[in-house]
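Q: This structure is in structure tokens; I'll ask about it shortly.
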Protein chains: 2
Amino acid sequence: MNVIDGKDVSATRTAYLTLRDMILTGALPAGQKLKIEELRAMLATGASPVREALSLLTSDMLVERIDQRGFRAAPASLANFDEIFSLRCVLEEKALRQSIAAATAEWEERLVLSHHRMKRGAEEGVEPFETAHKAFHMALLDNSGSPMLERFCSQLYDLNIRYRNLAAGGPNYQKRNIAAEHEMILNAVIRGDADAASACLLTHYRHTGDYLSERLTKL
Amino acid sequence: MNVIDGKDVSATRTAYLTLRDMILTGALPAGQKLKIEELRAMLATGASPVREALSLLTSDMLVERIDQRGFRAAPASLANFDEIFSLRCVLEEKALRQSIAAATAEWEERLVLSHHRMKRGAEEGVEPFETAHKAFHMALLDNSGSPMLERFCSQLYDLNIRYRNLAAGGPNYQKRNIAAEHEMILNAVIRGDADAASACLLTHYRHTGDYLSERLTKL
DNA sequence: AGGTCAATAAATATCGATATTTTAATTTTA
DNA sequence: TAAAATTAAAATATCGATATTTATTGACCT
């Protein structure tokens, strides 16, 4: 039916990915009513795939569902942003420490590789960098041995990205040298220094967190 | 259409609640294929509500969905159980500490009340106690000011209950005096002693955790 | 004018039928 | 005989139509 990455996917999955992207980028504004008929027409598909996609998006906390009253894009607020930030700090630190504790040569190589790809992506443009940036951060955590924890972190990462887009009206970057922070994290991890790595990671998040928080208050 | 608690609810919601309960109690065994047609017949409803309910259950990590290949009840494993336990410890401690930090007279009264109801429920039977027990534990956390955190905790609580049921073939209880542990937690919270309260809560969980872990290994 | 109630419009939720895809069984081929 | 290809069966996914529910409008009464 539909084809994504050369693969056949269901209409539901296509709808899910499209709607997800639209909410993350702000094309569907926070709090907006999501009418089945409109989405159905926009996605050129039936009501069932749309409803199912929306149901799936509630898992990701990107859509709210009220029984008998339809769906709406999850509302955004500074309080919610702070919450996400606070949860990320706890969960990513836990995941990072577990990953380091279980470190293997193979994992470290994966890290170095994803770090390299991120630097390369930065030269290519915003979109490739965004993808590679998430991949790098998830690679830091994906040796934790805890799939649920990783799922939570990935979910919270995306929710955070949404606020970045909301704050900027699209992907945008600060002048501050993020590359150096990434380098420090990577080095600490390779060194096997969990305390330093955690500290670097949290500092990294605090920097972007403060920056975004400031911009969001202005809205 | 359907009526639950004197309220009108959608077929989707009815299906959601029923299937949820069946998975938590083990009536639908871990890993089992969930065929739409079978569920549709069992619930005497259409395919759409069933599919939507299953999609919603993936949020709760109670159902797995594989594109084009249907749904299955989430598999269970000792590793997964340990993961849930480990996450609960981190998240519930955080929620509890935040709740205590924001303590109000009104919250404390709610706690005392739910504690009382739990004791009362224990006399009435297993089912009322189960409900009241969850209510008490959630009340401990529901002053955290962090809806997402509370949602995670509630989700993990349910996943843990599922393992309890899996281990026992139904609700069952140890001889050990759980009531005393609850009392200690409540008192520490009322006292405003966050450290003691956290310690008590975690000990409480560790006790049941070890107990269940032992039983689960025997399966 | 303000508020209630009924009628209408809009949107959600659900059903039943059908198309598509996957899985299983069977036959063919090397 | 084992692997590959074909066919048949089963299950998933999707559509289009309809029933239900909620939201809106405007008349009516006090």
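Identifiers in the structure tokens: chain A, B, ... in order shown; residue index from 1 per chain; ligand index from 1 in order shown.
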Show me which bits of chain D are within 12 Å of chain A, counting only C-alpha atoms (C1' of nucleotides), as JSON, numbers by chain.

A: {"D": [12, 13, 14, 15, 16, 20, 21, 22, 23]}

Q: Output the coordinates of chain B after least-squares fitting to chain A on all in-order C-alpha pairs, as a PDB file with C-alpha atoms, in the first residue's frame.

A:
ATOM      1  CA  MET B   1       0.029   0.000  -0.025  1.00  0.00           C
ATOM      2  CA  ASN B   2       2.284   2.714   1.272  1.00  0.00           C
ATOM      3  CA  VAL B   3       6.033   2.608   0.909  1.00  0.00           C
ATOM      4  CA  ILE B   4       8.502   4.044   3.409  1.00  0.00           C
ATOM      5  CA  ASP B   5      12.239   3.418   3.200  1.00  0.00           C
ATOM      6  CA  GLY B   6      11.520   0.954   0.428  1.00  0.00           C
ATOM      7  CA  LYS B   7       9.331  -1.022   2.755  1.00  0.00           C
ATOM      8  CA  ASP B   8       5.662  -1.718   2.652  1.00  0.00           C
ATOM      9  CA  VAL B   9       3.880  -0.273   5.611  1.00  0.00           C
ATOM     10  CA  SER B  10       0.297  -0.095   6.748  1.00  0.00           C
ATOM     11  CA  ALA B  11      -1.830   2.997   6.312  1.00  0.00           C
ATOM     12  CA  THR B  12      -1.978   3.188  10.083  1.00  0.00           C
ATOM     13  CA  ARG B  13       1.784   3.363  10.335  1.00  0.00           C
ATOM     14  CA  THR B  14       2.016   6.008   7.648  1.00  0.00           C
ATOM     15  CA  ALA B  15      -0.611   8.073   9.422  1.00  0.00           C
ATOM     16  CA  TYR B  16       1.162   7.542  12.732  1.00  0.00           C
ATOM     17  CA  LEU B  17       4.513   8.749  11.406  1.00  0.00           C
ATOM     18  CA  THR B  18       3.040  11.720   9.584  1.00  0.00           C
ATOM     19  CA  LEU B  19       0.917  12.922  12.483  1.00  0.00           C
ATOM     20  CA  ARG B  20       3.765  12.370  14.894  1.00  0.00           C
ATOM     21  CA  ASP B  21       6.016  14.524  12.798  1.00  0.00           C
ATOM     22  CA  MET B  22       3.389  17.217  12.454  1.00  0.00           C
ATOM     23  CA  ILE B  23       2.914  17.410  16.191  1.00  0.00           C
ATOM     24  CA  LEU B  24       6.632  17.389  16.952  1.00  0.00           C
ATOM     25  CA  THR B  25       7.320  20.150  14.462  1.00  0.00           C
ATOM     26  CA  GLY B  26       4.342  22.183  15.553  1.00  0.00           C
ATOM     27  CA  ALA B  27       2.528  21.899  12.231  1.00  0.00           C
ATOM     28  CA  LEU B  28      -0.303  20.710  14.433  1.00  0.00           C
ATOM     29  CA  PRO B  29      -0.269  23.233  17.274  1.00  0.00           C
ATOM     30  CA  ALA B  30      -0.437  22.193  20.915  1.00  0.00           C
ATOM     31  CA  GLY B  31      -3.941  21.765  22.218  1.00  0.00           C
ATOM     32  CA  GLN B  32      -5.527  21.750  18.778  1.00  0.00           C
ATOM     33  CA  LYS B  33      -8.594  19.650  18.218  1.00  0.00           C
ATOM     34  CA  LEU B  34      -7.816  16.812  15.851  1.00  0.00           C
ATOM     35  CA  LYS B  35     -10.876  16.072  13.794  1.00  0.00           C
ATOM     36  CA  ILE B  36     -11.002  12.669  12.188  1.00  0.00           C
ATOM     37  CA  GLU B  37     -12.623  13.902   9.011  1.00  0.00           C
ATOM     38  CA  GLU B  38     -10.014  16.607   8.447  1.00  0.00           C
ATOM     39  CA  LEU B  39      -7.091  14.293   9.065  1.00  0.00           C
ATOM     40  CA  ARG B  40      -8.675  11.605   6.956  1.00  0.00           C
ATOM     41  CA  ALA B  41      -8.906  14.009   4.044  1.00  0.00           C
ATOM     42  CA  MET B  42      -5.409  15.390   4.572  1.00  0.00           C
ATOM     43  CA  LEU B  43      -3.829  11.954   4.729  1.00  0.00           C
ATOM     44  CA  ALA B  44      -6.033  10.574   1.977  1.00  0.00           C
ATOM     45  CA  THR B  45      -6.951   7.519   4.006  1.00  0.00           C
ATOM     46  CA  GLY B  46      -9.831   6.046   5.948  1.00  0.00           C
ATOM     47  CA  ALA B  47     -11.085   6.851   9.404  1.00  0.00           C
ATOM     48  CA  SER B  48      -9.842   3.617  10.953  1.00  0.00           C
ATOM     49  CA  PRO B  49      -6.119   4.174  10.284  1.00  0.00           C
ATOM     50  CA  VAL B  50      -6.421   7.736  11.532  1.00  0.00           C
ATOM     51  CA  ARG B  51      -8.130   6.739  14.743  1.00  0.00           C
ATOM     52  CA  GLU B  52      -5.653   3.960  15.345  1.00  0.00           C
ATOM     53  CA  ALA B  53      -2.708   6.250  14.696  1.00  0.00           C
ATOM     54  CA  LEU B  54      -4.104   8.768  17.159  1.00  0.00           C
ATOM     55  CA  SER B  55      -4.600   6.034  19.730  1.00  0.00           C
ATOM     56  CA  LEU B  56      -0.974   5.030  19.309  1.00  0.00           C
ATOM     57  CA  LEU B  57       0.137   8.628  19.693  1.00  0.00           C
ATOM     58  CA  THR B  58      -1.433   8.812  23.120  1.00  0.00           C
ATOM     59  CA  SER B  59       1.289   6.346  24.208  1.00  0.00           C
ATOM     60  CA  ASP B  60       3.829   8.938  23.263  1.00  0.00           C
ATOM     61  CA  MET B  61       1.920  11.595  25.193  1.00  0.00           C
ATOM     62  CA  LEU B  62       1.633  13.572  21.996  1.00  0.00           C
ATOM     63  CA  VAL B  63      -2.121  13.209  21.748  1.00  0.00           C
ATOM     64  CA  GLU B  64      -4.845  13.343  24.340  1.00  0.00           C
ATOM     65  CA  ARG B  65      -7.963  11.296  24.005  1.00  0.00           C
ATOM     66  CA  ILE B  66     -11.223  12.025  25.692  1.00  0.00           C
ATOM     67  CA  ASP B  67     -13.822   9.306  25.510  1.00  0.00           C
ATOM     68  CA  GLN B  68     -16.679  10.201  23.182  1.00  0.00           C
ATOM     69  CA  ARG B  69     -15.138  13.571  22.524  1.00  0.00           C
ATOM     70  CA  GLY B  70     -12.286  12.846  20.206  1.00  0.00           C
ATOM     71  CA  PHE B  71      -8.617  13.681  20.143  1.00  0.00           C
ATOM     72  CA  ARG B  72      -6.466  16.753  20.520  1.00  0.00           C
ATOM     73  CA  ALA B  73      -2.776  17.507  20.248  1.00  0.00           C
ATOM     74  CA  ALA B  74      -1.242  17.398  23.718  1.00  0.00           C
ATOM     75  CA  PRO B  75      -1.212  20.845  25.293  1.00  0.00           C
ATOM     76  CA  ALA B  76       2.106  22.499  25.994  1.00  0.00           C
ATOM     77  CA  SER B  77       3.109  24.502  29.039  1.00  0.00           C
ATOM     78  CA  LEU B  78       6.195  25.661  30.838  1.00  0.00           C
ATOM     79  CA  ALA B  79       5.270  23.375  33.726  1.00  0.00           C
ATOM     80  CA  ASN B  80       5.120  20.416  31.381  1.00  0.00           C
ATOM     81  CA  PHE B  81       8.451  21.374  29.875  1.00  0.00           C
ATOM     82  CA  ASP B  82      10.044  21.507  33.316  1.00  0.00           C
ATOM     83  CA  GLU B  83       8.567  18.155  34.137  1.00  0.00           C
ATOM     84  CA  ILE B  84      10.050  16.587  31.043  1.00  0.00           C
ATOM     85  CA  PHE B  85      13.396  18.112  31.858  1.00  0.00           C
ATOM     86  CA  SER B  86      13.343  16.867  35.421  1.00  0.00           C
ATOM     87  CA  LEU B  87      12.380  13.340  34.403  1.00  0.00           C
ATOM     88  CA  ARG B  88      14.989  13.220  31.690  1.00  0.00           C
ATOM     89  CA  CYS B  89      17.699  14.111  34.183  1.00  0.00           C
ATOM     90  CA  VAL B  90      16.808  11.234  36.468  1.00  0.00           C
ATOM     91  CA  LEU B  91      16.167   8.642  33.796  1.00  0.00           C
ATOM     92  CA  GLU B  92      18.990   9.451  31.448  1.00  0.00           C
ATOM     93  CA  GLU B  93      21.486   9.490  34.272  1.00  0.00           C
ATOM     94  CA  LYS B  94      20.275   6.075  35.358  1.00  0.00           C
ATOM     95  CA  ALA B  95      20.421   4.720  31.820  1.00  0.00           C
ATOM     96  CA  LEU B  96      23.851   6.194  31.218  1.00  0.00           C
ATOM     97  CA  ARG B  97      25.281   4.761  34.408  1.00  0.00           C
ATOM     98  CA  GLN B  98      23.855   1.345  33.683  1.00  0.00           C
ATOM     99  CA  SER B  99      25.226   1.503  30.162  1.00  0.00           C
ATOM    100  CA  ILE B 100      28.694   2.417  31.373  1.00  0.00           C
ATOM    101  CA  ALA B 101      28.590  -0.297  34.011  1.00  0.00           C
ATOM    102  CA  ALA B 102      27.898  -2.821  31.254  1.00  0.00           C
ATOM    103  CA  ALA B 103      30.322  -1.281  28.759  1.00  0.00           C
ATOM    104  CA  THR B 104      31.770  -3.451  26.000  1.00  0.00           C
ATOM    105  CA  ALA B 105      34.225  -2.705  23.231  1.00  0.00           C
ATOM    106  CA  GLU B 106      31.430  -3.135  20.733  1.00  0.00           C
ATOM    107  CA  TRP B 107      29.257  -0.534  22.432  1.00  0.00           C
ATOM    108  CA  GLU B 108      32.104   1.957  22.610  1.00  0.00           C
ATOM    109  CA  GLU B 109      32.716   1.531  18.916  1.00  0.00           C
ATOM    110  CA  ARG B 110      29.060   2.175  18.232  1.00  0.00           C
ATOM    111  CA  LEU B 111      29.330   5.353  20.274  1.00  0.00           C
ATOM    112  CA  VAL B 112      32.382   6.622  18.447  1.00  0.00           C
ATOM    113  CA  LEU B 113      30.663   5.900  15.184  1.00  0.00           C
ATOM    114  CA  SER B 114      27.435   7.686  16.036  1.00  0.00           C
ATOM    115  CA  HIS B 115      29.461  10.619  17.349  1.00  0.00           C
ATOM    116  CA  HIS B 116      31.316  10.817  14.088  1.00  0.00           C
ATOM    117  CA  ARG B 117      28.101  10.669  12.124  1.00  0.00           C
ATOM    118  CA  MET B 118      26.690  13.482  14.202  1.00  0.00           C
ATOM    119  CA  LYS B 119      29.674  15.710  13.389  1.00  0.00           C
ATOM    120  CA  ARG B 120      29.338  14.816   9.754  1.00  0.00           C
ATOM    121  CA  GLY B 121      25.611  15.492   9.886  1.00  0.00           C
ATOM    122  CA  ALA B 122      26.238  18.962  11.292  1.00  0.00           C
ATOM    123  CA  GLU B 123      27.979  19.871   8.038  1.00  0.00           C
ATOM    124  CA  GLU B 124      25.179  18.572   5.908  1.00  0.00           C
ATOM    125  CA  GLY B 125      22.352  20.554   7.409  1.00  0.00           C
ATOM    126  CA  VAL B 126      19.878  20.836  10.226  1.00  0.00           C
ATOM    127  CA  GLU B 127      17.757  17.824   9.411  1.00  0.00           C
ATOM    128  CA  PRO B 128      20.562  15.257   9.144  1.00  0.00           C
ATOM    129  CA  PHE B 129      22.118  16.671  12.303  1.00  0.00           C
ATOM    130  CA  GLU B 130      18.855  16.353  14.227  1.00  0.00           C
ATOM    131  CA  THR B 131      18.579  12.705  13.315  1.00  0.00           C
ATOM    132  CA  ALA B 132      22.193  11.964  14.118  1.00  0.00           C
ATOM    133  CA  HIS B 133      21.985  13.933  17.358  1.00  0.00           C
ATOM    134  CA  LYS B 134      19.156  11.801  18.650  1.00  0.00           C
ATOM    135  CA  ALA B 135      20.967   8.671  17.502  1.00  0.00           C
ATOM    136  CA  PHE B 136      24.065   9.700  19.453  1.00  0.00           C
ATOM    137  CA  HIS B 137      22.148  10.437  22.626  1.00  0.00           C
ATOM    138  CA  MET B 138      20.224   7.209  22.407  1.00  0.00           C
ATOM    139  CA  ALA B 139      23.440   5.289  21.729  1.00  0.00           C
ATOM    140  CA  LEU B 140      24.773   6.632  25.019  1.00  0.00           C
ATOM    141  CA  LEU B 141      21.862   4.909  26.759  1.00  0.00           C
ATOM    142  CA  ASP B 142      21.259   1.828  24.691  1.00  0.00           C
ATOM    143  CA  ASN B 143      23.644  -0.387  26.598  1.00  0.00           C
ATOM    144  CA  SER B 144      21.627  -0.055  29.799  1.00  0.00           C
ATOM    145  CA  GLY B 145      20.041  -3.468  29.406  1.00  0.00           C
ATOM    146  CA  SER B 146      16.695  -1.900  30.242  1.00  0.00           C
ATOM    147  CA  PRO B 147      14.399  -1.579  27.229  1.00  0.00           C
ATOM    148  CA  MET B 148      11.668   0.160  29.208  1.00  0.00           C
ATOM    149  CA  LEU B 149      14.065   2.741  30.525  1.00  0.00           C
ATOM    150  CA  GLU B 150      15.356   3.372  27.025  1.00  0.00           C
ATOM    151  CA  ARG B 151      11.849   3.704  25.718  1.00  0.00           C
ATOM    152  CA  PHE B 152      11.010   6.308  28.360  1.00  0.00           C
ATOM    153  CA  CYS B 153      14.156   8.233  27.522  1.00  0.00           C
ATOM    154  CA  SER B 154      13.444   8.182  23.814  1.00  0.00           C
ATOM    155  CA  GLN B 155       9.911   9.345  24.446  1.00  0.00           C
ATOM    156  CA  LEU B 156      11.051  12.191  26.652  1.00  0.00           C
ATOM    157  CA  TYR B 157      13.720  13.164  24.139  1.00  0.00           C
ATOM    158  CA  ASP B 158      11.042  13.603  21.492  1.00  0.00           C
ATOM    159  CA  LEU B 159       8.802  15.564  23.798  1.00  0.00           C
ATOM    160  CA  ASN B 160      11.716  17.860  24.482  1.00  0.00           C
ATOM    161  CA  ILE B 161      12.387  18.309  20.763  1.00  0.00           C
ATOM    162  CA  ARG B 162       8.799  19.367  20.412  1.00  0.00           C
ATOM    163  CA  TYR B 163       9.363  22.206  22.852  1.00  0.00           C
ATOM    164  CA  ARG B 164      12.506  23.186  21.014  1.00  0.00           C
ATOM    165  CA  ASN B 165      10.460  23.516  17.858  1.00  0.00           C
ATOM    166  CA  LEU B 166       7.668  25.298  19.673  1.00  0.00           C
ATOM    167  CA  ALA B 167      10.137  27.780  21.110  1.00  0.00           C
ATOM    168  CA  ALA B 168      11.897  28.455  17.851  1.00  0.00           C
ATOM    169  CA  GLY B 169       9.230  27.994  15.254  1.00  0.00           C
ATOM    170  CA  GLY B 170      11.456  25.339  13.768  1.00  0.00           C
ATOM    171  CA  PRO B 171      14.860  23.776  14.361  1.00  0.00           C
ATOM    172  CA  ASN B 172      17.340  26.428  15.394  1.00  0.00           C
ATOM    173  CA  TYR B 173      20.607  26.546  17.232  1.00  0.00           C
ATOM    174  CA  GLN B 174      22.462  28.568  19.718  1.00  0.00           C
ATOM    175  CA  LYS B 175      25.887  29.996  19.124  1.00  0.00           C
ATOM    176  CA  ARG B 176      27.348  28.074  22.070  1.00  0.00           C
ATOM    177  CA  ASN B 177      29.548  25.227  21.109  1.00  0.00           C
ATOM    178  CA  ILE B 178      27.522  22.105  21.598  1.00  0.00           C
ATOM    179  CA  ALA B 179      30.165  20.003  19.876  1.00  0.00           C
ATOM    180  CA  ALA B 180      32.583  20.476  22.778  1.00  0.00           C
ATOM    181  CA  GLU B 181      29.974  19.241  25.240  1.00  0.00           C
ATOM    182  CA  HIS B 182      29.327  16.129  23.189  1.00  0.00           C
ATOM    183  CA  GLU B 183      33.038  15.489  22.978  1.00  0.00           C
ATOM    184  CA  MET B 184      33.371  15.715  26.749  1.00  0.00           C
ATOM    185  CA  ILE B 185      30.548  13.270  27.313  1.00  0.00           C
ATOM    186  CA  LEU B 186      31.962  10.807  24.811  1.00  0.00           C
ATOM    187  CA  ASN B 187      35.441  10.971  26.308  1.00  0.00           C
ATOM    188  CA  ALA B 188      34.206  10.459  29.846  1.00  0.00           C
ATOM    189  CA  VAL B 189      32.195   7.442  28.745  1.00  0.00           C
ATOM    190  CA  ILE B 190      35.099   5.896  26.866  1.00  0.00           C
ATOM    191  CA  ARG B 191      37.250   6.532  29.929  1.00  0.00           C
ATOM    192  CA  GLY B 192      34.631   4.592  31.898  1.00  0.00           C
ATOM    193  CA  ASP B 193      34.166   7.522  34.261  1.00  0.00           C
ATOM    194  CA  ALA B 194      30.472   7.297  35.107  1.00  0.00           C
ATOM    195  CA  ASP B 195      30.431  10.263  37.473  1.00  0.00           C
ATOM    196  CA  ALA B 196      32.078  12.594  34.988  1.00  0.00           C
ATOM    197  CA  ALA B 197      29.944  11.336  32.120  1.00  0.00           C
ATOM    198  CA  SER B 198      26.726  11.879  34.080  1.00  0.00           C
ATOM    199  CA  ALA B 199      27.830  15.312  35.155  1.00  0.00           C
ATOM    200  CA  CYS B 200      28.654  16.275  31.566  1.00  0.00           C
ATOM    201  CA  LEU B 201      25.388  14.914  30.249  1.00  0.00           C
ATOM    202  CA  LEU B 202      23.336  16.732  32.838  1.00  0.00           C
ATOM    203  CA  THR B 203      25.221  19.967  32.290  1.00  0.00           C
ATOM    204  CA  HIS B 204      24.595  19.596  28.586  1.00  0.00           C
ATOM    205  CA  TYR B 205      20.884  19.222  29.222  1.00  0.00           C
ATOM    206  CA  ARG B 206      20.777  22.000  31.744  1.00  0.00           C
ATOM    207  CA  HIS B 207      22.305  24.385  29.226  1.00  0.00           C
ATOM    208  CA  THR B 208      19.749  23.678  26.527  1.00  0.00           C
ATOM    209  CA  GLY B 209      17.053  23.445  29.170  1.00  0.00           C
ATOM    210  CA  ASP B 210      17.731  26.926  30.527  1.00  0.00           C
ATOM    211  CA  TYR B 211      18.020  28.343  27.059  1.00  0.00           C
ATOM    212  CA  LEU B 212      14.703  26.876  25.965  1.00  0.00           C
ATOM    213  CA  SER B 213      12.998  27.718  29.220  1.00  0.00           C
ATOM    214  CA  GLU B 214      13.927  31.335  28.729  1.00  0.00           C
ATOM    215  CA  ARG B 215      12.616  31.418  25.193  1.00  0.00           C
ATOM    216  CA  LEU B 216       9.422  29.632  26.173  1.00  0.00           C
ATOM    217  CA  THR B 217       8.575  32.139  28.886  1.00  0.00           C
ATOM    218  CA  LYS B 218       8.583  34.831  26.231  1.00  0.00           C
ATOM    219  CA  LEU B 219       5.784  33.171  24.300  1.00  0.00           C
TER     220      LEU B 219
END

Q: Write out as a VMD selection string the set of residues from range 2-219 of chain A that DSSP, computed on the backbone, places in helix (DSSP H, G or I).

A: chain A and resid 11 to 25 36 to 43 47 to 59 78 to 101 105 to 124 126 to 141 147 to 168 178 to 191 194 to 217

Q: Give me, as a short mmCIF file (atom, residue, chain, number, x, y, z; two decimals) with N, CA, C and O atoms (P, O5', C5', C4', C3', O3' and C1' of nucleotides), in the first residue's frame, the residues of chain C touching chain B, with the criterion being at most 8 Å (counting only C-alpha atoms (C1' of nucleotides)).

A:
data_model
loop_
_atom_site.label_atom_id
_atom_site.label_comp_id
_atom_site.auth_asym_id
_atom_site.auth_seq_id
_atom_site.Cartn_x
_atom_site.Cartn_y
_atom_site.Cartn_z
P DA C 13 -14.76 9.28 19.88
"O5'" DA C 13 -15.69 8.07 19.44
"C5'" DA C 13 -17.01 8.04 19.97
"C4'" DA C 13 -17.75 6.85 19.41
"C3'" DA C 13 -16.96 5.54 19.40
"O3'" DA C 13 -17.81 4.58 20.01
"C1'" DA C 13 -17.89 5.95 17.26
P DT C 14 -17.37 3.07 20.22
"O5'" DT C 14 -18.03 2.33 18.98
"C5'" DT C 14 -19.45 2.39 18.85
"C4'" DT C 14 -19.89 1.72 17.57
"C3'" DT C 14 -19.26 0.34 17.34
"O3'" DT C 14 -20.33 -0.58 17.37
"C1'" DT C 14 -19.27 1.66 15.35
P DC C 15 -20.04 -2.15 17.33
"O5'" DC C 15 -20.56 -2.50 15.87
"C5'" DC C 15 -21.82 -1.97 15.45
"C4'" DC C 15 -21.97 -2.12 13.94
"C3'" DC C 15 -21.61 -3.52 13.43
"O3'" DC C 15 -22.75 -4.04 12.77
"C1'" DC C 15 -20.57 -1.81 12.11
P DT C 21 -0.75 -5.39 0.23
"O5'" DT C 21 -0.44 -6.38 1.42
"C5'" DT C 21 -0.76 -5.99 2.75
"C4'" DT C 21 -0.51 -7.15 3.69
"C3'" DT C 21 0.78 -7.90 3.36
"O3'" DT C 21 1.59 -7.88 4.52
"C1'" DT C 21 -1.06 -9.40 3.64
P DT C 22 2.99 -8.62 4.63
"O5'" DT C 22 2.56 -9.94 5.43
"C5'" DT C 22 1.97 -9.80 6.71
"C4'" DT C 22 1.49 -11.15 7.19
"C3'" DT C 22 2.60 -12.19 7.35
"O3'" DT C 22 2.44 -12.77 8.62
"C1'" DT C 22 0.81 -13.09 6.12
#

Q: Give the strand (DSSP E or B) residues of chain A, as assigned by DSSP on the backbone, as a PyMOL selection string.

A: chain A and resi 2-4+7-9+33-34+63-66+70-73

Q: Store the residues picked out above in a file with N, CA and C atoms, as a compact mmCIF listing (two decimals), in the first residue's frame.

A:
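Result written to part.txt:
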# COMPACT_ATOMS: atom_id res chain seq x y z
N ASN A 2 1.34 1.60 1.17
CA ASN A 2 2.27 2.72 1.28
C ASN A 2 3.69 2.20 1.31
N VAL A 3 4.61 3.07 0.92
CA VAL A 3 6.01 2.64 0.91
C VAL A 3 6.87 3.67 1.65
N ILE A 4 7.58 3.20 2.65
CA ILE A 4 8.49 4.07 3.40
C ILE A 4 9.83 3.35 3.52
N LYS A 7 10.08 0.07 2.12
CA LYS A 7 9.30 -1.01 2.73
C LYS A 7 7.81 -0.72 2.67
N ASP A 8 7.07 -1.79 2.61
CA ASP A 8 5.63 -1.70 2.63
C ASP A 8 5.16 -1.50 4.06
N VAL A 9 4.39 -0.44 4.28
CA VAL A 9 3.85 -0.26 5.62
C VAL A 9 2.35 -0.03 5.55
N LYS A 33 -7.70 20.75 18.42
CA LYS A 33 -8.64 19.66 18.20
C LYS A 33 -8.23 18.90 16.94
N LEU A 34 -8.25 17.60 17.02
CA LEU A 34 -7.87 16.81 15.85
C LEU A 34 -9.11 16.09 15.33
N VAL A 63 -0.74 13.01 22.01
CA VAL A 63 -2.16 13.22 21.75
C VAL A 63 -2.96 12.87 23.00
N GLU A 64 -4.01 13.65 23.23
CA GLU A 64 -4.90 13.35 24.34
C GLU A 64 -6.20 12.84 23.77
N ARG A 65 -6.79 11.89 24.48
CA ARG A 65 -8.02 11.32 24.00
C ARG A 65 -9.07 11.45 25.08
N ILE A 66 -10.23 11.98 24.70
CA ILE A 66 -11.31 12.05 25.67
C ILE A 66 -12.47 11.24 25.12
N GLY A 70 -13.44 12.74 21.17
CA GLY A 70 -12.35 12.86 20.20
C GLY A 70 -10.96 13.09 20.75
N PHE A 71 -10.11 13.56 19.86
CA PHE A 71 -8.69 13.68 20.16
C PHE A 71 -8.23 15.13 20.04
N ARG A 72 -7.16 15.46 20.75
CA ARG A 72 -6.53 16.76 20.53
C ARG A 72 -5.02 16.64 20.72
N ALA A 73 -4.28 17.50 20.06
CA ALA A 73 -2.83 17.50 20.25
C ALA A 73 -2.54 17.86 21.70

Q: Need to verify the contact set: DG26 in chain D, 10 Å, only C-alpha atoms (C1' of nucleotides), exclusion of same-chain residues closer than 3 positions in sequence. Can you return it as a short mmCIF file (atom, residue, chain, number, x, y, z; two decimals) with N, CA and C atoms (P, O5', C5', C4', C3', O3' and C1' of nucleotides), in the first residue's frame?

A:
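Below you can see out12.cif, which holds the result:
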data_model
loop_
_atom_site.label_atom_id
_atom_site.label_comp_id
_atom_site.auth_asym_id
_atom_site.auth_seq_id
_atom_site.Cartn_x
_atom_site.Cartn_y
_atom_site.Cartn_z
P DA C 6 -37.56 20.01 26.07
"O5'" DA C 6 -37.57 20.33 24.52
"C5'" DA C 6 -38.49 21.29 24.00
"C4'" DA C 6 -38.13 21.64 22.57
"C3'" DA C 6 -37.94 20.43 21.66
"O3'" DA C 6 -38.52 20.73 20.39
"C1'" DA C 6 -35.97 21.75 21.65
P DA C 7 -38.65 19.64 19.29
"O5'" DA C 7 -37.62 20.18 18.20
"C5'" DA C 7 -37.81 21.49 17.65
"C4'" DA C 7 -36.63 21.82 16.74
"C3'" DA C 7 -36.31 20.75 15.71
"O3'" DA C 7 -36.06 21.39 14.46
"C1'" DA C 7 -34.39 21.21 17.00
P DT C 8 -35.73 20.56 13.14
"O5'" DT C 8 -34.19 20.88 12.91
"C5'" DT C 8 -33.73 22.24 13.05
"C4'" DT C 8 -32.22 22.26 12.96
"C3'" DT C 8 -31.64 21.34 11.90
"O3'" DT C 8 -30.80 22.13 11.07
"C1'" DT C 8 -30.53 21.03 13.97
#

Q: As an exercise, work out the distance from C1' of DA9 in chain D to C1' of DA17 in chain C in Å and give it to one decimal place.

A: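 Between these atoms lies a distance of 18.7 Å.
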
Q: At a cut-off of 10 Å, using only C-alpha atoms (C1' of nucleotides), what residues contact DC5 in chain C? Leave out same-chain residues fewer than 4 positions from it and give the result as a tab-separated table (two decimals) with N, CA and C atoms (P, O5', C5', C4', C3', O3' and C1' of nucleotides), in the first residue's frame.

A:
chain	number	residue	atom	x	y	z
D	27	DA	P	-35.29	32.10	15.68
D	27	DA	O5'	-36.63	31.60	16.39
D	27	DA	C5'	-37.08	30.28	16.15
D	27	DA	C4'	-37.66	29.69	17.42
D	27	DA	C3'	-38.75	30.55	18.08
D	27	DA	O3'	-39.85	29.74	18.39
D	27	DA	C1'	-37.07	30.02	19.66
D	28	DC	P	-41.25	30.36	18.75
D	28	DC	O5'	-41.26	30.24	20.33
D	28	DC	C5'	-41.07	28.97	20.96
D	28	DC	C4'	-40.81	29.18	22.43
D	28	DC	C3'	-41.80	30.13	23.11
D	28	DC	O3'	-42.57	29.38	24.04
D	28	DC	C1'	-39.55	30.52	23.81
D	29	DC	P	-43.90	30.03	24.65
D	29	DC	O5'	-43.45	30.28	26.15
D	29	DC	C5'	-42.78	29.23	26.87
D	29	DC	C4'	-42.01	29.83	28.03
D	29	DC	C3'	-42.83	30.77	28.91
D	29	DC	O3'	-42.94	30.21	30.21
D	29	DC	C1'	-40.65	31.64	28.46
